[in-house]
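See structure below.
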Amino acid sequence: MEILLANPRGFCAGVERAIEIVERALELYGAPIYVRHEIVHNRSVVESLRAKGAVFVEELDEVPAGGTVIFSAHGVAKAVQAEADRRGLKVFDATCPLVSKVHVEVAKMLREGYEIVMIGHHGHPEAEGTMGQSAAGMHLVETLEDVAALEVATDKLAYVTQTTLSVDDAKTMVLALKRRFPNIRGPKKDDICYATQNRQDAVKFMAPQCDVVIVVGSPNSSNSNRLREVAEHMGARAYMVDSAEELRAEWVAGQRRVGVTAGASAPEVLVNELIERLKALGAQSVLPLKGIDETVVFSLPRELKA
């Protein structure tokens with residue numbers, strides 16, 4: 001058995017920034033530091049930060065008066081920001097800058113009188129945060145059926161997308177919107193982030209060379225789930241694991257080539273543990289594949305810089 005290792009994989013700049021914001025806040029202000037929602041969708045990362053003193057909450061009313069709270073990388077609705085201001089909480093915003101870019105696009109479109117269709121996943125915190133940029137004029141679609149059933153009372157429509165969608169699925173949804181609403185306006189640049197696209201492209205290159213693909217990622221990670229789907233669409237059997245312990249021996253038994261990748265919120269240590277598990281199951285070699293060298297870095301909030 002040979003292991004093919006996708007490149008790029010794992011942490012993106014937005015995830016690295018979000019995790020560093022929590023760690024720096026803990027260093028400078030001490031525990032507890034409250035984090036609204038999981039800072040990123042990875043169990044290992046969340047458990048590690050919890051052990052250092054981070055307290056994860058779903059709503060701000062769980063944060064005591066005078067507390068310090070961090071907004072997750074997925075972004076928050078304006079109502080959440082307003083509540084934090086009203087309660088006098090100290091806030092550090094770990095929203096990925098590429099998600100913030102979508103929020104800026106939404107604000108501009110609304111100012112120009114557009115109603116906005118967001119392509120995204122119902123219940124995902126990024127979608128909820130973006131939809132929450134306005135109390136009105138926002139519509140969420142997840143499926144082609146949603147597009148067909150969409151009812152709007154204006155011809156002045158624009159669309160944005162969740163940053164972690166499948167690139168191919170998003171294109172299909174955009175085409176469907178354009179067929180129904182020929183004058184719909186899109187963003188100047190696609191909203192799907194560079195890291196999501198790069199990791200999906202890496203899987204598209206790797207998967208046809210593999211019998212099976214293993215994606216390291218947590219079940220609630222949108223971009224990790226999309227990697228598994230992309231591998232399946234390329235003809236490989238694909239599975240997603242939160243840790244090496246979840247890998248089942250029968251998935252790789254007798255296979256010649258196993259592809260390995262990781263979602264943008266999965267740390268490399270989990271990839272290394274998976275490789276060791278595969279070696280224990282008979283893998284003889286690891287071949288890192290060539291891919292795009294990512295150099296994007298996002299700066300920390302001024303108060304947290306060393």
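If you're wondering about the labels, chains in the structure tokens are A, B, ... by order shown, residues count from 1 in each chain, ligands from 1 in order shown.
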- Item | Residues within 10 Å of Asn7 in chain A, only C-alpha atoms, excluding chain neighbours under 6 positions, as a ChimeraX atom specification | /A:198-203,205-206,260-262,288-294
- Do a neighbour search on Leu287 in chain A at 10 Å with only C-alpha atoms, toss out local chain neighbours closer than 2 positions, and write the hits as a list in words.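 Counting only the stated atoms, we get Glu2, Ile3, Leu4, Leu5, Ala6, Gly259, Ser285, Leu289 and Lys290 of chain A.
Across the structure, CA of Val174 in chain A and CA of Asp190 in chain A are spaced 10.7 Å apart.
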For range 1-21 of chain A against range 32-49 of chain A, with a cut-off of 12 Å and counting only C-alpha atoms, what is the closest atom pair and its distance in Å to one decimal for every residue that makes the cut, ordered by chain and number, as CSV?
```
residue,atom,partner,partner_atom,distance
A:Gly10,CA,A:Asn42,CA,11.0
A:Phe11,CA,A:Val40,CA,10.3
A:Cys12,CA,A:Val40,CA,11.0
A:Gly14,CA,A:Val40,CA,9.4
A:Val15,CA,A:Val40,CA,6.7
A:Glu16,CA,A:Val40,CA,9.6
A:Arg17,CA,A:Ile39,CA,10.4
A:Ala18,CA,A:Ile39,CA,6.7
A:Ile19,CA,A:Ile39,CA,7.0
A:Glu20,CA,A:Leu49,CA,10.2
A:Ile21,CA,A:Ile39,CA,9.7
```
Keeping only all heavy atoms, write those residues as an mmCIF file, in the first residue's frame.
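File produced: part26.cif:
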```
data_model
loop_
_atom_site.group_PDB
_atom_site.id
_atom_site.type_symbol
_atom_site.label_atom_id
_atom_site.label_comp_id
_atom_site.auth_asym_id
_atom_site.auth_seq_id
_atom_site.Cartn_x
_atom_site.Cartn_y
_atom_site.Cartn_z
ATOM 1 N N GLY A 10 -5.107 20.808 5.232
ATOM 2 C CA GLY A 10 -5.034 21.291 6.603
ATOM 3 C C GLY A 10 -5.203 22.801 6.747
ATOM 4 O O GLY A 10 -5.800 23.459 5.899
ATOM 5 N N PHE A 11 -4.661 23.318 7.839
ATOM 6 C CA PHE A 11 -4.898 24.696 8.261
ATOM 7 C C PHE A 11 -4.751 25.714 7.135
ATOM 8 O O PHE A 11 -3.802 25.660 6.338
ATOM 9 C CB PHE A 11 -3.923 25.091 9.369
ATOM 10 C CG PHE A 11 -4.329 24.637 10.751
ATOM 11 C CD1 PHE A 11 -3.498 24.902 11.835
ATOM 12 C CD2 PHE A 11 -5.515 23.973 10.974
ATOM 13 C CE1 PHE A 11 -3.857 24.502 13.118
ATOM 14 C CE2 PHE A 11 -5.892 23.575 12.250
ATOM 15 C CZ PHE A 11 -5.050 23.841 13.325
ATOM 16 N N CYS A 12 -5.690 26.663 7.111
ATOM 17 C CA CYS A 12 -5.601 27.825 6.231
ATOM 18 C C CYS A 12 -5.266 29.051 7.084
ATOM 19 O O CYS A 12 -5.244 28.982 8.318
ATOM 20 C CB CYS A 12 -6.925 28.041 5.497
ATOM 21 S SG CYS A 12 -8.311 28.424 6.618
ATOM 22 N N GLY A 14 -6.996 31.743 7.727
ATOM 23 C CA GLY A 14 -8.080 32.191 8.602
ATOM 24 C C GLY A 14 -8.184 31.371 9.861
ATOM 25 O O GLY A 14 -8.444 31.898 10.952
ATOM 26 N N VAL A 15 -7.983 30.062 9.733
ATOM 27 C CA VAL A 15 -8.023 29.173 10.894
ATOM 28 C C VAL A 15 -6.833 29.444 11.805
ATOM 29 O O VAL A 15 -6.977 29.530 13.037
ATOM 30 C CB VAL A 15 -8.052 27.705 10.435
ATOM 31 C CG1 VAL A 15 -7.715 26.762 11.598
ATOM 32 C CG2 VAL A 15 -9.417 27.355 9.855
ATOM 33 N N GLU A 16 -5.648 29.586 11.232
ATOM 34 C CA GLU A 16 -4.460 29.868 12.041
ATOM 35 C C GLU A 16 -4.637 31.163 12.827
ATOM 36 O O GLU A 16 -4.296 31.243 14.019
ATOM 37 C CB GLU A 16 -3.228 29.954 11.141
ATOM 38 C CG GLU A 16 -2.800 28.601 10.575
ATOM 39 C CD GLU A 16 -1.611 28.707 9.636
ATOM 40 O OE1 GLU A 16 -1.363 29.825 9.118
ATOM 41 O OE2 GLU A 16 -0.935 27.688 9.418
ATOM 42 N N ARG A 17 -5.194 32.172 12.182
ATOM 43 C CA ARG A 17 -5.427 33.459 12.847
ATOM 44 C C ARG A 17 -6.420 33.304 13.991
ATOM 45 O O ARG A 17 -6.203 33.831 15.095
ATOM 46 C CB ARG A 17 -5.937 34.480 11.835
ATOM 47 C CG ARG A 17 -6.361 35.824 12.429
ATOM 48 C CD ARG A 17 -6.862 36.753 11.335
ATOM 49 N NE ARG A 17 -7.270 38.044 11.865
ATOM 50 C CZ ARG A 17 -8.512 38.329 12.277
ATOM 51 N NH1 ARG A 17 -9.451 37.392 12.228
ATOM 52 N NH2 ARG A 17 -8.794 39.533 12.728
ATOM 53 N N ALA A 18 -7.515 32.588 13.754
ATOM 54 C CA ALA A 18 -8.549 32.434 14.782
ATOM 55 C C ALA A 18 -8.000 31.728 16.020
ATOM 56 O O ALA A 18 -8.253 32.146 17.157
ATOM 57 C CB ALA A 18 -9.736 31.662 14.201
ATOM 58 N N ILE A 19 -7.253 30.651 15.801
ATOM 59 C CA ILE A 19 -6.679 29.908 16.927
ATOM 60 C C ILE A 19 -5.678 30.776 17.687
ATOM 61 O O ILE A 19 -5.664 30.807 18.927
ATOM 62 C CB ILE A 19 -6.005 28.617 16.425
ATOM 63 C CG1 ILE A 19 -7.061 27.662 15.850
ATOM 64 C CG2 ILE A 19 -5.226 27.932 17.544
ATOM 65 C CD1 ILE A 19 -6.474 26.481 15.098
ATOM 66 N N GLU A 20 -4.868 31.531 16.942
ATOM 67 C CA GLU A 20 -3.871 32.388 17.590
ATOM 68 C C GLU A 20 -4.540 33.497 18.401
ATOM 69 O O GLU A 20 -4.035 33.897 19.460
ATOM 70 C CB GLU A 20 -2.920 32.993 16.558
ATOM 71 C CG GLU A 20 -1.722 33.684 17.198
ATOM 72 C CD GLU A 20 -0.672 34.118 16.195
ATOM 73 O OE1 GLU A 20 -0.830 33.860 14.987
ATOM 74 O OE2 GLU A 20 0.325 34.740 16.635
ATOM 75 N N ILE A 21 -5.684 33.988 17.933
ATOM 76 C CA ILE A 21 -6.403 35.016 18.685
ATOM 77 C C ILE A 21 -6.809 34.469 20.055
ATOM 78 O O ILE A 21 -6.646 35.144 21.082
ATOM 79 C CB ILE A 21 -7.632 35.508 17.894
ATOM 80 C CG1 ILE A 21 -7.172 36.431 16.751
ATOM 81 C CG2 ILE A 21 -8.619 36.247 18.805
ATOM 82 C CD1 ILE A 21 -8.289 36.853 15.815
#
```
- Which polymer residues have any atom within 12 Å of an atom of Val152 in chain A, counting only C-alpha atoms, with same-chain residues fewer than 4 positions away left out, as a list of chain:residue names?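 Contacts, with the query itself left out: A:Tyr114, A:Glu115, A:Ile116, A:Val117, A:Ala136, A:Gly137, A:Met138, A:His139, A:Leu140, A:Val147, A:Ala148, A:Lys156, A:Leu157, A:Ala158, A:Arg180, A:Phe181, A:Ile184.
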Suppose we keep N, CA, C and O atoms; can you now write the selection as an mmCIF file, in the first residue's frame?
```cif
data_model
loop_
_atom_site.group_PDB
_atom_site.id
_atom_site.type_symbol
_atom_site.label_atom_id
_atom_site.label_comp_id
_atom_site.auth_asym_id
_atom_site.auth_seq_id
_atom_site.Cartn_x
_atom_site.Cartn_y
_atom_site.Cartn_z
ATOM 1 N N TYR A 114 -30.438 46.273 -3.437
ATOM 2 C CA TYR A 114 -30.618 44.884 -3.861
ATOM 3 C C TYR A 114 -31.165 44.026 -2.730
ATOM 4 O O TYR A 114 -30.844 44.252 -1.560
ATOM 5 N N GLU A 115 -31.988 43.046 -3.080
ATOM 6 C CA GLU A 115 -32.233 41.925 -2.186
ATOM 7 C C GLU A 115 -31.190 40.862 -2.510
ATOM 8 O O GLU A 115 -30.718 40.774 -3.655
ATOM 9 N N ILE A 116 -30.825 40.067 -1.512
ATOM 10 C CA ILE A 116 -29.661 39.193 -1.668
ATOM 11 C C ILE A 116 -30.050 37.737 -1.464
ATOM 12 O O ILE A 116 -30.737 37.387 -0.497
ATOM 13 N N VAL A 117 -29.598 36.904 -2.383
ATOM 14 C CA VAL A 117 -29.738 35.459 -2.258
ATOM 15 C C VAL A 117 -28.384 34.909 -1.814
ATOM 16 O O VAL A 117 -27.369 35.143 -2.477
ATOM 17 N N ALA A 136 -33.804 42.154 6.891
ATOM 18 C CA ALA A 136 -34.731 41.965 5.771
ATOM 19 C C ALA A 136 -33.943 41.921 4.466
ATOM 20 O O ALA A 136 -32.771 42.315 4.409
ATOM 21 N N GLY A 137 -34.589 41.408 3.432
ATOM 22 C CA GLY A 137 -33.982 41.423 2.098
ATOM 23 C C GLY A 137 -32.962 40.340 1.874
ATOM 24 O O GLY A 137 -32.163 40.429 0.938
ATOM 25 N N MET A 138 -32.956 39.281 2.703
ATOM 26 C CA MET A 138 -32.002 38.190 2.568
ATOM 27 C C MET A 138 -32.747 36.877 2.341
ATOM 28 O O MET A 138 -33.767 36.615 2.975
ATOM 29 N N HIS A 139 -32.248 36.047 1.447
ATOM 30 C CA HIS A 139 -32.860 34.759 1.130
ATOM 31 C C HIS A 139 -31.758 33.703 1.072
ATOM 32 O O HIS A 139 -30.749 33.907 0.415
ATOM 33 N N LEU A 140 -31.965 32.572 1.751
ATOM 34 C CA LEU A 140 -30.974 31.500 1.769
ATOM 35 C C LEU A 140 -31.439 30.342 0.891
ATOM 36 O O LEU A 140 -32.565 29.874 1.015
ATOM 37 N N VAL A 147 -33.894 27.025 -5.121
ATOM 38 C CA VAL A 147 -33.860 28.047 -6.176
ATOM 39 C C VAL A 147 -35.187 28.069 -6.929
ATOM 40 O O VAL A 147 -35.768 29.131 -7.185
ATOM 41 N N ALA A 148 -35.707 26.888 -7.261
ATOM 42 C CA ALA A 148 -36.963 26.800 -8.008
ATOM 43 C C ALA A 148 -38.130 27.370 -7.210
ATOM 44 O O ALA A 148 -39.070 27.943 -7.777
ATOM 45 N N LYS A 156 -34.443 43.360 -8.653
ATOM 46 C CA LYS A 156 -33.114 43.831 -8.282
ATOM 47 C C LYS A 156 -32.519 42.853 -7.273
ATOM 48 O O LYS A 156 -32.633 43.013 -6.058
ATOM 49 N N LEU A 157 -31.873 41.794 -7.814
ATOM 50 C CA LEU A 157 -31.339 40.710 -6.997
ATOM 51 C C LEU A 157 -29.831 40.610 -7.156
ATOM 52 O O LEU A 157 -29.279 40.866 -8.232
ATOM 53 N N ALA A 158 -29.181 40.184 -6.086
ATOM 54 C CA ALA A 158 -27.751 39.883 -6.114
ATOM 55 C C ALA A 158 -27.539 38.596 -5.321
ATOM 56 O O ALA A 158 -28.409 38.175 -4.558
ATOM 57 N N ARG A 180 -33.202 31.494 -13.626
ATOM 58 C CA ARG A 180 -34.477 31.993 -13.079
ATOM 59 C C ARG A 180 -34.530 33.506 -13.047
ATOM 60 O O ARG A 180 -35.587 34.108 -13.253
ATOM 61 N N PHE A 181 -33.368 34.109 -12.760
ATOM 62 C CA PHE A 181 -33.319 35.570 -12.606
ATOM 63 C C PHE A 181 -32.165 36.103 -13.463
ATOM 64 O O PHE A 181 -31.058 36.322 -12.962
ATOM 65 N N ILE A 184 -29.763 38.840 -12.245
ATOM 66 C CA ILE A 184 -29.144 38.757 -10.921
ATOM 67 C C ILE A 184 -27.668 39.120 -11.005
ATOM 68 O O ILE A 184 -26.975 38.793 -11.970
#
```
